[in-house]
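Novice: Structure in structure tokens, see below.
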Amino acid sequence: MDGIRDRIASGSLPFPVPLHEVPELYARLDEAYRRHQVVELVGAAGTGKSTGVGLYAHRDDRSWYWRTVGALDRSAHRFVQSLAELVAGIDPDVPAFLHRLFGAGATPADAAASIAERVPADDQLLVLDACQVIADEPEALAALDAFLAGLPPGVRVVVCSDIPLPWHHTGLPRRQRTRVHTDGIEEDVRNWVAQALIALGADPSAVAGAPLATTEGEVLECLRQVMPRRLFEALTTLSVPEHATRDDARALGLEPQWQELRSARIPYLAVDSGGLSIHPTLREQLRTRLAQGDPEVRRRVHAVHLASLERSGRFEEGTEILLSAGHWEHAFEWSARALDAVVRRGDWEVVRRWSTALGAERIQRSPRWTAAQIRADHGCGDMRAVRATIRSADVTGRLKGIVSAAPHLLAAVTCAAGFGPDETIRLMEKYHPEDPRGAVVRYYVDVAHGDAPAPLPENYQAAGLGKLVAWSLLLQGRLDHLDAMVPAGHEPLLNPSILLGQAFLGRAERGMDLWERVPRGLRDRPHNRYVHTALKVANGDWAGAGSLLRSLATSPVGEANPAVSAYRCSWGYFLLLDAGPQRAIDWLEPLVDTLTAAGQRAYSEWARCFLGAALLAAGRDDEALTHLEECTASMVRSGRRLMLPMAALALSEARFRAGDAPGAAEAADNAYDEALAVGSLEVLTHALRQLPQVLRRQVRTDGQGSRWSRLVATPSTGRTRTEPSRDVEEAQRSLILRPFGDPSLWVDGSRVAAGRFKVLELVLLLVHNPRGLTRAEIVNSIFPDTDARRAGNYYRQVVHHFSRSTGLALVKTGESITFAPGVEAGSLDQDFERLVDNSNKLWGEGRAARLESALALYCGRFMVDSDLAWVTELRQRLELIREEALLELASIYLEGNRVDTARQLCEDVLAPNPYSDAAYRLLFTIERVVGSEASMTFVHRRASKALGELGLVPGEVRRILLQG
């Protein structure tokens, strides 16, 4: 772009162009842009498209960015790299972002769409020149289409091409693009060509109406006649490089002629500060002439050209030239230097084309090339070839060199390539014995196939295998670790699998917000659609879930993908919910056999769990009991906890039907305990909705004060009812506010979209005033700074949003407004206070357990977006209660010699409140128990520095309080 801008600004215009403006072209482009965003400018080579567009862009102060498509851009991956380099003028981080996209497995079209998202919606012009190069390349055209369709409004694009492009794709609406031809402006170009030829010495009568360069050889012949022979021969020789520099000319002994050519005004010859360029059509004609001349001259010219490419690091271009010339050994040497760039952008088709041309013998003698071949086969889905190459290299002793050349390779491909667990472990232990990558692969194999708990490896996030780590954490139910993998800030989210943790943590709405950080180009990938569907289902939206799961579960593609087994299990469970138990049984029974035979224990457990639930629903209790006993025992042995609450709850029902009431109660308690261990009641409460009789039994057995009774109002929150006023069976509808962290509203155990934050404030107000409030009291509490008329209108809107989102109503009894009869309403802040208060009646471990239950509800700040005075007061009181509960729990842990946990609880207090004298005193006591004088001194310094900001010293707060 800069070169074109410089030449236009200096008056040294590129290629054939009139010496005056081109108003006809400007008018056509202006008219096109009134209704369209993308203009395809079509005209024969040499008709001045490039310079005409350059002059058009240069007319005003609009920002514009230029990219000329080259021969290498026939590869879709390389073309997208060119798009990234175009957008880099706007956002310099885009090339690095593209590298991460290709590393995440994005297709060229996916990556192009994601790049388009990085372009701001400003008034700017993007120019893609010479797009005829990709006219016969469907993948590159699809990438162009995705890029153009993804651009925001306000950005205008010119796509220049010698021929009309085949717009076969659907991503770019017809109304968004149009085609403009250069017919009618060619006469200006013809006149300028004629004038230039006459200035060079041509006979005016011979060049009148001179043809354009597209006419076979006529301009070439005219130049040959009017130019000095030595100058014309130099022009022919310098046609080999696309941009002939002084160094090229010096190497060929043509530096004087090169300087003369730069000074002459020759049609179809562009000059800039770095060298000269010949119009592609004329250059091809000159190259043809050179090929018909002296072979020695041709060889020497090509050698100089290769040297120029080597100096500029253009090894890929040199490889293509050498391959086309049949110089296999030389091409093999150059390809080794080009491989890194090709592999980095995931251009597997280029790798496979080169390897086929170079031959198996050359590929096998190079570890780097063999590694690239394995990656290419893996990227193209040829897992059989991947396994064959790795096994052969292992047997022949070449695999060690391959792993040294590509350290990430073996760990990245073994799981997806379909190696069995034993073979995978053997390869990792042999070639990655101390490597974090090998540790992550072994971890996944142990999680998916093992029969014992798999410890989380150290530095697992540094291994560069985020997808494998995320899936392993999910299988184990390590939802807190999965949540910690969410990138901070607004960084693009390239590993959507980590969002599955949000669904199981009951934070599906947050998961949907995080989904917006997934680049649009990645969202339609099958696995990512599975993730998105899981988030929607967790939000109560089942639309499209069945068709997607059926497609994923029955597709023969990606058999070795670890997630395929999860798709098939999920489809079986969907059948149970949607089509009835028999359809689910018909699908799940053979799936259990298949997964068991393959040694996929984790997925076999899922399938057995769902099959057991289906058999219970079908009344086949004995068979259900067998499957549920086996899968529950396997989950417990292996530490795979994600689905254990559901399996144990179904086992409770199966045991009860078999007459084992004590065993049923034990299984139900295990289900609850495992849900707490996972850190979420989502799976448990979902299972309770299918088996509500288990909940009723546990409440009757344990009593209204038990933890099971806290699930009565809303199983999804684990709440304790502050004022239980009716029996379990009397509760018809439940409404629960979860005000901590990301505030949300839940109806009958399912999250609903409140629509407005004021709806949440309304619910909180009425929950804390169960006898009801007058309309004026509600309005004044929620809209304190608004005049009465507008506040009344706002109140009606909030009530309308509440009724529409929850399906519940407010009723008026006398002057008081409250929830309708039959609605059990509550808020988790009440449960939190009650549990803390009840802990005072207990001692030791019982007290600790009660405090832990209370603190588990406090998962973030209380109603963080509310600035109402009464909410702020309540928030401050809850924060004080939380601080006291944390310190009390830390004291209990210290008494039990759990010093590390006690220390962490003190730090949890100091994180939001660095001025807590009590926390420093307890932390000082902990370090004294440990016996670390250095740590004691450090704690004292921390306390002195923090409290000194308030003019206090450690312990003075306590003394002031005691003095009264």
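Every chain in the structure tokens takes a letter, A first, then B, and so on in the order presented; its residues are numbered from 1, and the ligands are numbered from 1 following the presented order.
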Could you name the residues that touch stretch 577-586 of chain A at 8 Å or less, counting only C-alpha atoms, but leaving out those on the same chain fewer than 3 positions away, as a list of chain:residue names?

Specialist: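 After dropping sequence-adjacent residues, the list is A:Gly572, A:Tyr573, A:Phe574, A:Glu589, A:Pro590, A:Leu611, A:Ala614, A:Leu615, A:Ala617, A:Ala618.
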
Novice: Identify all residues of stretch 855-946 of chain A in helix (DSSP H, G or I) (DSSP on the backbone) and supply them as an MDAnalysis selection string.

Specialist: chainID A and resid 855:857 869:895 899:910 917:930 933:946

Novice: Separation of atom CA of A:Ala44 and atom CA of A:Thr281, in Å?

Specialist: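 Atom-to-atom, atom CA of A:Ala44 to atom CA of A:Thr281, that is 10.1 Å.
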
Novice: Considering only C-alpha atoms, return as a list in words whatever protein or nucleic-acid residues lie within 9 Å of A:Thr701, sequence-local ones (same chain, fewer than 4 positions apart) excluded.

Specialist: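 Within the cut-off, the hits are Ala665, Arg696 and Arg697 of chain A.
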
Novice: Give me, as a list in words, all polymer residues having an atom no more than 12 Å from A:Pro912, counting only C-alpha atoms and skipping those fewer than 2 positions away in the same chain.

Specialist: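 My reading of the contact set: Gly860, Arg861, Glu879, Leu880, Arg882, Glu883, Cys906, Glu907, Asp908, Val909, Leu910, Pro914, Tyr915, Ser916 and Ala919 of chain A.
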
Novice: Which residue out of A:Arg738, A:His302, A:Arg368, A:Arg775 has the minimum interatomic distance to A:Cys859 when only C-alpha atoms are used?

Specialist: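 Ranked by minimum distance to A:Cys859, first place goes to A:Arg738.
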
Novice: Any idea what's packed within 12 Å of A:Lys945, counting only C-alpha atoms, ignoring anything in its chain fewer than 6 positions away? Could you give it as a PDB file with N, CA, C and O atoms, in the first residue's frame?

Specialist:
ATOM      1  N   PRO A 914      -7.778  -5.455  53.670  1.00  0.00           N
ATOM      2  CA  PRO A 914      -6.387  -5.546  54.145  1.00  0.00           C
ATOM      3  C   PRO A 914      -6.167  -4.888  55.512  1.00  0.00           C
ATOM      4  O   PRO A 914      -5.038  -4.850  55.991  1.00  0.00           O
ATOM      5  N   TYR A 915      -7.232  -4.368  56.129  1.00  0.00           N
ATOM      6  CA  TYR A 915      -7.086  -3.684  57.415  1.00  0.00           C
ATOM      7  C   TYR A 915      -7.657  -4.510  58.578  1.00  0.00           C
ATOM      8  O   TYR A 915      -7.929  -3.970  59.656  1.00  0.00           O
ATOM      9  N   ASP A 917      -7.475  -6.352  61.602  1.00  0.00           N
ATOM     10  CA  ASP A 917      -6.538  -6.629  62.686  1.00  0.00           C
ATOM     11  C   ASP A 917      -6.693  -8.074  63.165  1.00  0.00           C
ATOM     12  O   ASP A 917      -5.703  -8.757  63.460  1.00  0.00           O
ATOM     13  N   TYR A 920      -4.838 -10.492  60.936  1.00  0.00           N
ATOM     14  CA  TYR A 920      -3.391 -10.464  61.134  1.00  0.00           C
ATOM     15  C   TYR A 920      -3.009 -11.179  62.434  1.00  0.00           C
ATOM     16  O   TYR A 920      -2.002 -11.891  62.499  1.00  0.00           O
ATOM     17  N   PHE A 938       7.350 -11.240  59.117  1.00  0.00           N
ATOM     18  CA  PHE A 938       6.741 -10.767  57.870  1.00  0.00           C
ATOM     19  C   PHE A 938       5.277 -10.385  58.089  1.00  0.00           C
ATOM     20  O   PHE A 938       4.795  -9.357  57.591  1.00  0.00           O
ATOM     21  N   VAL A 939       4.531 -11.205  58.844  1.00  0.00           N
ATOM     22  CA  VAL A 939       3.128 -10.893  59.120  1.00  0.00           C
ATOM     23  C   VAL A 939       3.023  -9.580  59.888  1.00  0.00           C
ATOM     24  O   VAL A 939       2.164  -8.731  59.606  1.00  0.00           O
ATOM     25  N   GLY A 951      -3.593   5.051  60.714  1.00  0.00           N
ATOM     26  CA  GLY A 951      -3.081   5.637  61.941  1.00  0.00           C
ATOM     27  C   GLY A 951      -3.144   4.700  63.124  1.00  0.00           C
ATOM     28  O   GLY A 951      -3.150   5.128  64.278  1.00  0.00           O
ATOM     29  N   LEU A 952      -3.184   3.378  62.854  1.00  0.00           N
ATOM     30  CA  LEU A 952      -3.273   2.373  63.897  1.00  0.00           C
ATOM     31  C   LEU A 952      -2.039   1.493  63.875  1.00  0.00           C
ATOM     32  O   LEU A 952      -1.245   1.529  62.921  1.00  0.00           O
ATOM     33  N   VAL A 953      -1.887   0.729  64.950  1.00  0.00           N
ATOM     34  CA  VAL A 953      -0.822  -0.263  65.002  1.00  0.00           C
ATOM     35  C   VAL A 953      -1.473  -1.603  65.271  1.00  0.00           C
ATOM     36  O   VAL A 953      -2.591  -1.672  65.784  1.00  0.00           O
ATOM     37  N   PRO A 954      -0.820  -2.727  64.924  1.00  0.00           N
ATOM     38  CA  PRO A 954      -1.426  -4.038  65.149  1.00  0.00           C
ATOM     39  C   PRO A 954      -1.857  -4.228  66.592  1.00  0.00           C
ATOM     40  O   PRO A 954      -1.114  -3.958  67.529  1.00  0.00           O
TER      41      PRO A 954
END

Novice: Any chance you could tabulate, as a Markdown table, the residues of stretch 434-536 of chain A at most 12 Å from stretch 622-644 of chain A with each one's nearest atom pair and distance in Å to one decimal, using only C-alpha atoms, in chain and rising number order?

Specialist:
| residue | atom | partner | partner_atom | distance |
| --- | --- | --- | --- | --- |
| A:Tyr444 | CA | A:Arg640 | CA | 11.9 |
| A:Asp446 | CA | A:Ser638 | CA | 8.9 |
| A:Val447 | CA | A:Arg640 | CA | 7.5 |
| A:Ala448 | CA | A:Arg640 | CA | 8.9 |
| A:His449 | CA | A:Ser638 | CA | 9.3 |
| A:Gly450 | CA | A:Ser638 | CA | 6.8 |
| A:Asp451 | CA | A:Ser638 | CA | 4.9 |
| A:Ala452 | CA | A:Ser638 | CA | 4.0 |
| A:Pro453 | CA | A:Ser638 | CA | 4.4 |
| A:Ala454 | CA | A:Ser638 | CA | 7.3 |
| A:Pro455 | CA | A:Gly639 | CA | 9.6 |
| A:Leu456 | CA | A:Gly639 | CA | 11.6 |
| A:Trp471 | CA | A:Leu642 | CA | 11.5 |
| A:Ser472 | CA | A:Arg640 | CA | 9.6 |
| A:Leu473 | CA | A:Arg640 | CA | 9.3 |
| A:Leu474 | CA | A:Leu642 | CA | 7.0 |
| A:Leu475 | CA | A:Arg640 | CA | 6.0 |
| A:Gln476 | CA | A:Arg640 | CA | 4.2 |
| A:Gly477 | CA | A:Leu642 | CA | 4.2 |
| A:Arg478 | CA | A:Leu642 | CA | 8.0 |
| A:Leu479 | CA | A:Leu642 | CA | 8.6 |
| A:Leu500 | CA | A:Leu642 | CA | 11.5 |
| A:Gly501 | CA | A:Leu642 | CA | 10.1 |
| A:Ala503 | CA | A:Leu642 | CA | 11.8 |
| A:Phe504 | CA | A:Leu642 | CA | 8.5 |
| A:Leu505 | CA | A:Leu642 | CA | 10.6 |

Novice: Can you tell me, as a compact mmCIF listing (two decimals) with all heavy atoms, in the first residue's frame, what residues are no more than 12 Å from stretch 793-797 of chain A when counting only C-alpha atoms, ignoring any on the same chain fewer than 3 positions away?

Specialist:
# COMPACT_ATOMS: atom_id res chain seq x y z
N GLY A 755 -34.27 -10.02 32.70
CA GLY A 755 -34.54 -8.90 31.79
C GLY A 755 -33.98 -7.58 32.28
O GLY A 755 -33.29 -6.90 31.55
N ARG A 756 -34.28 -7.23 33.53
CA ARG A 756 -33.76 -5.99 34.10
C ARG A 756 -33.24 -6.27 35.51
O ARG A 756 -33.81 -7.09 36.25
CB ARG A 756 -34.85 -4.92 34.18
CG ARG A 756 -35.33 -4.42 32.82
CD ARG A 756 -36.27 -3.27 32.99
NE ARG A 756 -36.71 -2.72 31.70
CZ ARG A 756 -37.49 -1.65 31.58
NH1 ARG A 756 -37.91 -1.00 32.66
NH2 ARG A 756 -37.85 -1.23 30.38
N LYS A 758 -33.53 -4.34 37.97
CA LYS A 758 -34.53 -3.89 38.93
C LYS A 758 -35.47 -5.03 39.33
O LYS A 758 -36.04 -5.01 40.43
CB LYS A 758 -35.34 -2.73 38.35
CG LYS A 758 -34.57 -1.40 38.29
CD LYS A 758 -34.24 -0.89 39.69
CE LYS A 758 -33.47 0.43 39.64
NZ LYS A 758 -33.06 0.88 41.00
N VAL A 759 -35.65 -6.01 38.46
CA VAL A 759 -36.47 -7.18 38.82
C VAL A 759 -35.82 -7.91 39.99
O VAL A 759 -36.51 -8.34 40.94
CB VAL A 759 -36.64 -8.11 37.61
CG1 VAL A 759 -37.32 -9.42 38.02
CG2 VAL A 759 -37.45 -7.42 36.52
N GLU A 761 -33.82 -6.61 42.24
CA GLU A 761 -33.97 -5.78 43.44
C GLU A 761 -35.38 -5.89 44.00
O GLU A 761 -35.58 -5.90 45.24
CB GLU A 761 -33.62 -4.34 43.11
CG GLU A 761 -32.14 -4.14 42.77
CD GLU A 761 -31.82 -2.73 42.33
OE1 GLU A 761 -32.69 -2.06 41.73
OE2 GLU A 761 -30.68 -2.28 42.56
N LEU A 762 -36.39 -5.96 43.13
CA LEU A 762 -37.77 -6.13 43.58
C LEU A 762 -37.94 -7.44 44.34
O LEU A 762 -38.54 -7.48 45.42
CB LEU A 762 -38.71 -6.08 42.37
CG LEU A 762 -40.18 -6.44 42.66
CD1 LEU A 762 -40.82 -5.40 43.58
CD2 LEU A 762 -40.97 -6.55 41.34
N ARG A 775 -47.55 -0.36 47.77
CA ARG A 775 -46.99 0.05 46.47
C ARG A 775 -46.05 1.23 46.64
O ARG A 775 -44.97 1.27 46.03
CB ARG A 775 -48.13 0.41 45.52
CG ARG A 775 -47.69 0.72 44.09
CD ARG A 775 -48.91 1.02 43.24
NE ARG A 775 -48.57 1.13 41.84
CZ ARG A 775 -48.13 2.25 41.25
NH1 ARG A 775 -47.95 3.35 41.98
NH2 ARG A 775 -47.86 2.26 39.96
N ALA A 776 -46.41 2.17 47.48
CA ALA A 776 -45.57 3.35 47.69
C ALA A 776 -44.24 2.97 48.32
O ALA A 776 -43.17 3.51 47.96
CB ALA A 776 -46.30 4.37 48.56
N GLU A 777 -44.27 2.03 49.27
CA GLU A 777 -43.03 1.59 49.92
C GLU A 777 -42.10 0.91 48.91
O GLU A 777 -40.88 1.11 48.93
CB GLU A 777 -43.35 0.64 51.07
CG GLU A 777 -43.99 1.32 52.27
CD GLU A 777 -44.48 0.33 53.32
OE1 GLU A 777 -44.80 -0.81 52.92
OE2 GLU A 777 -44.54 0.70 54.50
N ILE A 778 -42.67 0.09 48.03
CA ILE A 778 -41.84 -0.59 47.01
C ILE A 778 -41.23 0.43 46.06
O ILE A 778 -40.03 0.40 45.77
CB ILE A 778 -42.69 -1.61 46.24
CG1 ILE A 778 -43.16 -2.73 47.18
CG2 ILE A 778 -41.89 -2.20 45.09
CD1 ILE A 778 -44.12 -3.71 46.53
N VAL A 779 -42.07 1.36 45.57
CA VAL A 779 -41.59 2.36 44.61
C VAL A 779 -40.49 3.21 45.23
O VAL A 779 -39.44 3.46 44.61
CB VAL A 779 -42.76 3.23 44.13
CG1 VAL A 779 -42.23 4.43 43.32
CG2 VAL A 779 -43.72 2.41 43.28
N ASN A 780 -40.69 3.65 46.47
CA ASN A 780 -39.68 4.50 47.12
C ASN A 780 -38.39 3.73 47.39
O ASN A 780 -37.30 4.32 47.40
CB ASN A 780 -40.24 5.06 48.43
CG ASN A 780 -41.33 6.09 48.20
OD1 ASN A 780 -41.37 6.72 47.14
ND2 ASN A 780 -42.22 6.24 49.17
N SER A 781 -38.50 2.43 47.61
CA SER A 781 -37.31 1.63 47.90
C SER A 781 -36.50 1.35 46.64
O SER A 781 -35.26 1.30 46.69
CB SER A 781 -37.71 0.30 48.55
OG SER A 781 -38.33 0.52 49.80
N ILE A 782 -37.16 1.17 45.51
CA ILE A 782 -36.46 0.78 44.28
C ILE A 782 -36.10 1.99 43.43
O ILE A 782 -35.08 2.01 42.74
CB ILE A 782 -37.32 -0.21 43.47
CG1 ILE A 782 -37.57 -1.48 44.30
CG2 ILE A 782 -36.65 -0.59 42.16
CD1 ILE A 782 -38.42 -2.50 43.59
N PHE A 783 -36.93 3.04 43.47
CA PHE A 783 -36.66 4.25 42.67
C PHE A 783 -36.63 5.47 43.60
O PHE A 783 -37.49 6.36 43.51
CB PHE A 783 -37.74 4.44 41.59
CG PHE A 783 -37.90 3.26 40.68
CD1 PHE A 783 -38.95 2.38 40.83
CD2 PHE A 783 -36.98 3.03 39.67
CE1 PHE A 783 -39.09 1.29 39.99
CE2 PHE A 783 -37.12 1.95 38.82
CZ PHE A 783 -38.18 1.06 38.99
N PRO A 784 -35.65 5.53 44.51
CA PRO A 784 -35.68 6.58 45.54
C PRO A 784 -35.45 7.99 44.99
O PRO A 784 -35.88 8.95 45.62
CB PRO A 784 -34.54 6.17 46.47
CG PRO A 784 -33.60 5.37 45.62
CD PRO A 784 -34.49 4.64 44.67
N THR A 786 -36.38 9.21 41.94
CA THR A 786 -37.20 9.47 40.76
C THR A 786 -38.53 10.07 41.20
O THR A 786 -39.09 9.66 42.23
CB THR A 786 -37.45 8.16 39.99
OG1 THR A 786 -36.21 7.52 39.73
CG2 THR A 786 -38.16 8.43 38.68
N ASP A 787 -39.03 11.05 40.42
CA ASP A 787 -40.31 11.66 40.80
C ASP A 787 -41.42 10.62 40.73
O ASP A 787 -41.32 9.60 40.03
CB ASP A 787 -40.64 12.86 39.89
CG ASP A 787 -40.84 12.44 38.45
OD1 ASP A 787 -41.93 11.92 38.13
OD2 ASP A 787 -39.90 12.61 37.65
N ALA A 788 -42.52 10.89 41.44
CA ALA A 788 -43.57 9.89 41.66
C ALA A 788 -44.18 9.38 40.36
O ALA A 788 -44.44 8.18 40.21
CB ALA A 788 -44.66 10.48 42.57
N ARG A 789 -44.42 10.28 39.39
CA ARG A 789 -45.08 9.84 38.15
C ARG A 789 -44.20 8.87 37.37
O ARG A 789 -44.64 7.80 36.97
CB ARG A 789 -45.43 11.06 37.28
CG ARG A 789 -46.20 10.69 36.01
CD ARG A 789 -46.52 11.94 35.20
NE ARG A 789 -45.31 12.62 34.76
CZ ARG A 789 -44.61 12.25 33.67
NH1 ARG A 789 -44.98 11.21 32.95
NH2 ARG A 789 -43.53 12.92 33.33
N ARG A 790 -42.94 9.25 37.15
CA ARG A 790 -42.05 8.37 36.39
C ARG A 790 -41.74 7.10 37.16
O ARG A 790 -41.65 6.01 36.60
CB ARG A 790 -40.76 9.10 36.05
CG ARG A 790 -40.93 10.14 34.95
CD ARG A 790 -39.58 10.63 34.46
NE ARG A 790 -38.84 11.28 35.54
CZ ARG A 790 -37.53 11.54 35.49
NH1 ARG A 790 -36.83 11.17 34.45
NH2 ARG A 790 -36.93 12.16 36.50
N HIS A 800 -44.10 -6.00 35.11
CA HIS A 800 -44.38 -6.70 33.86
C HIS A 800 -43.22 -7.62 33.48
O HIS A 800 -43.44 -8.79 33.11
CB HIS A 800 -44.61 -5.68 32.74
CG HIS A 800 -44.70 -6.29 31.37
ND1 HIS A 800 -45.78 -7.05 30.95
CD2 HIS A 800 -43.81 -6.28 30.33
CE1 HIS A 800 -45.56 -7.47 29.72
NE2 HIS A 800 -44.39 -7.01 29.32
N HIS A 801 -41.97 -7.14 33.60
CA HIS A 801 -40.81 -7.98 33.29
C HIS A 801 -40.73 -9.16 34.25
O HIS A 801 -40.37 -10.27 33.84
CB HIS A 801 -39.52 -7.15 33.37
CG HIS A 801 -39.23 -6.37 32.13
ND1 HIS A 801 -38.70 -6.94 30.99
CD2 HIS A 801 -39.41 -5.06 31.84
CE1 HIS A 801 -38.56 -6.01 30.06
NE2 HIS A 801 -38.98 -4.87 30.54
N PHE A 802 -41.05 -8.93 35.51
CA PHE A 802 -41.03 -10.02 36.49
C PHE A 802 -42.01 -11.12 36.10
O PHE A 802 -41.67 -12.31 36.06
CB PHE A 802 -41.36 -9.49 37.89
CG PHE A 802 -41.66 -10.56 38.90
CD1 PHE A 802 -40.63 -11.24 39.51
CD2 PHE A 802 -42.97 -10.92 39.21
CE1 PHE A 802 -40.88 -12.25 40.43
CE2 PHE A 802 -43.24 -11.92 40.12
CZ PHE A 802 -42.20 -12.59 40.73
N SER A 803 -43.23 -10.75 35.77
CA SER A 803 -44.25 -11.74 35.43
C SER A 803 -43.91 -12.47 34.14
O SER A 803 -44.08 -13.69 34.04
CB SER A 803 -45.62 -11.06 35.30
OG SER A 803 -46.00 -10.46 36.53
N ARG A 804 -43.39 -11.71 33.16
CA ARG A 804 -43.08 -12.33 31.86
C ARG A 804 -41.91 -13.30 31.98
O ARG A 804 -41.91 -14.36 31.37
CB ARG A 804 -42.75 -11.25 30.84
CG ARG A 804 -42.58 -11.80 29.42
CD ARG A 804 -42.37 -10.69 28.41
NE ARG A 804 -41.13 -9.98 28.66
CZ ARG A 804 -40.69 -8.96 27.91
NH1 ARG A 804 -41.41 -8.53 26.89
NH2 ARG A 804 -39.54 -8.37 28.18
N LEU A 810 -47.52 -11.16 41.25
CA LEU A 810 -47.62 -10.49 42.55
C LEU A 810 -49.10 -10.24 42.84
O LEU A 810 -49.88 -9.97 41.92
CB LEU A 810 -46.86 -9.16 42.54
CG LEU A 810 -45.35 -9.23 42.24
CD1 LEU A 810 -44.75 -7.83 42.29
CD2 LEU A 810 -44.64 -10.15 43.21

Novice: Could you tell me which of A:Gly792, A:Gly511, A:Pro692, A:Gly822 comes closest to A:Asp483 if we count only C-alpha atoms?

Specialist: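 Going through A:Gly792, A:Gly511, A:Pro692, A:Gly822 one by one, the smallest distance to A:Asp483 is for A:Gly511.
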
Novice: So which one's closest to A:Asn539, A:Asp829, A:Asp248, A:Glu682, A:Asp422? Using only C-alpha atoms, please.

Specialist: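 With only C-alpha atoms as the atom set, the closest residue is A:Glu682.
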
Novice: From the options A:Asp621, A:Asp702, A:Asp900, A:Glu361, which residue's atoms come nearest to A:Arg657, counting only C-alpha atoms?

Specialist: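 When distances to A:Arg657 are compared using only C-alpha atoms, the smallest one comes from A:Asp621.
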
Novice: DSSP on the backbone, then: every residue of stretch 752-934 of chain A marked strand (DSSP E or B), written as a list in words.

Specialist: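 Checking each residue of stretch 752-934 of chain A, the strand (DSSP E or B) ones are Val752, Leu773, Leu810, Val811, Lys812, Thr813, Ser816, Ile817, Thr818, Phe819, Val823, Glu824, Ala825, Gly826, Ser827 and Phe862 of chain A.
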
Novice: Can I get the selected residues back with N, CA, C and O atoms, as a short mmCIF file (atom, residue, chain, number, x, y, z; two decimals), in the first residue's frame?

Specialist:
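Written out: part00.cif:
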data_model
loop_
_atom_site.label_atom_id
_atom_site.label_comp_id
_atom_site.auth_asym_id
_atom_site.auth_seq_id
_atom_site.Cartn_x
_atom_site.Cartn_y
_atom_site.Cartn_z
N VAL A 752 -33.88 -18.28 35.04
CA VAL A 752 -34.66 -17.50 34.08
C VAL A 752 -33.95 -16.18 33.86
O VAL A 752 -33.22 -15.68 34.72
N LEU A 773 -45.39 -5.30 51.25
CA LEU A 773 -45.18 -3.85 51.35
C LEU A 773 -46.24 -3.15 50.52
O LEU A 773 -46.79 -3.72 49.56
N LEU A 810 -47.52 -11.16 41.25
CA LEU A 810 -47.62 -10.49 42.55
C LEU A 810 -49.10 -10.24 42.84
O LEU A 810 -49.88 -9.97 41.92
N VAL A 811 -49.46 -10.36 44.10
CA VAL A 811 -50.86 -10.16 44.48
C VAL A 811 -50.94 -9.09 45.55
O VAL A 811 -49.99 -8.84 46.29
N LYS A 812 -52.10 -8.47 45.61
CA LYS A 812 -52.33 -7.41 46.59
C LYS A 812 -53.39 -7.88 47.58
O LYS A 812 -54.51 -8.23 47.20
N THR A 813 -53.01 -7.90 48.85
CA THR A 813 -53.93 -8.26 49.93
C THR A 813 -54.08 -7.05 50.83
O THR A 813 -53.14 -6.69 51.56
N SER A 816 -51.10 -4.43 51.03
CA SER A 816 -49.78 -5.05 50.91
C SER A 816 -49.66 -5.86 49.62
O SER A 816 -50.59 -6.58 49.22
N ILE A 817 -48.50 -5.75 49.01
CA ILE A 817 -48.18 -6.51 47.79
C ILE A 817 -47.12 -7.54 48.13
O ILE A 817 -46.11 -7.22 48.78
N THR A 818 -47.34 -8.77 47.70
CA THR A 818 -46.37 -9.84 47.94
C THR A 818 -46.52 -10.90 46.85
O THR A 818 -47.27 -10.70 45.89
N PHE A 819 -45.81 -12.01 47.00
CA PHE A 819 -45.88 -13.07 46.01
C PHE A 819 -47.22 -13.81 46.12
O PHE A 819 -47.81 -13.90 47.21
N VAL A 823 -46.28 -19.80 46.13
CA VAL A 823 -44.93 -19.49 45.68
C VAL A 823 -44.00 -19.49 46.89
O VAL A 823 -44.20 -18.72 47.84
N GLU A 824 -43.02 -20.38 46.90
CA GLU A 824 -42.01 -20.42 47.96
C GLU A 824 -40.85 -19.54 47.52
O GLU A 824 -40.08 -19.91 46.62
N ALA A 825 -40.71 -18.36 48.10
CA ALA A 825 -39.71 -17.38 47.67
C ALA A 825 -38.61 -17.25 48.72
O ALA A 825 -38.87 -17.31 49.93
N GLY A 826 -37.40 -17.08 48.27
CA GLY A 826 -36.28 -16.92 49.18
C GLY A 826 -35.07 -16.38 48.47
O GLY A 826 -35.05 -16.22 47.25
N SER A 827 -34.05 -16.08 49.28
CA SER A 827 -32.79 -15.56 48.74
C SER A 827 -31.64 -16.20 49.51
O SER A 827 -31.74 -16.42 50.73
N PHE A 862 -22.22 -9.38 47.04
CA PHE A 862 -23.67 -9.38 47.12
C PHE A 862 -24.24 -8.25 46.26
O PHE A 862 -23.91 -7.09 46.43
#

Novice: Could you tell me how far atom CA of A:Val180 sits from atom CA of A:Ala32, in Å to one decimal place?

Specialist: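 Between these atoms lies a distance of 7.8 Å.
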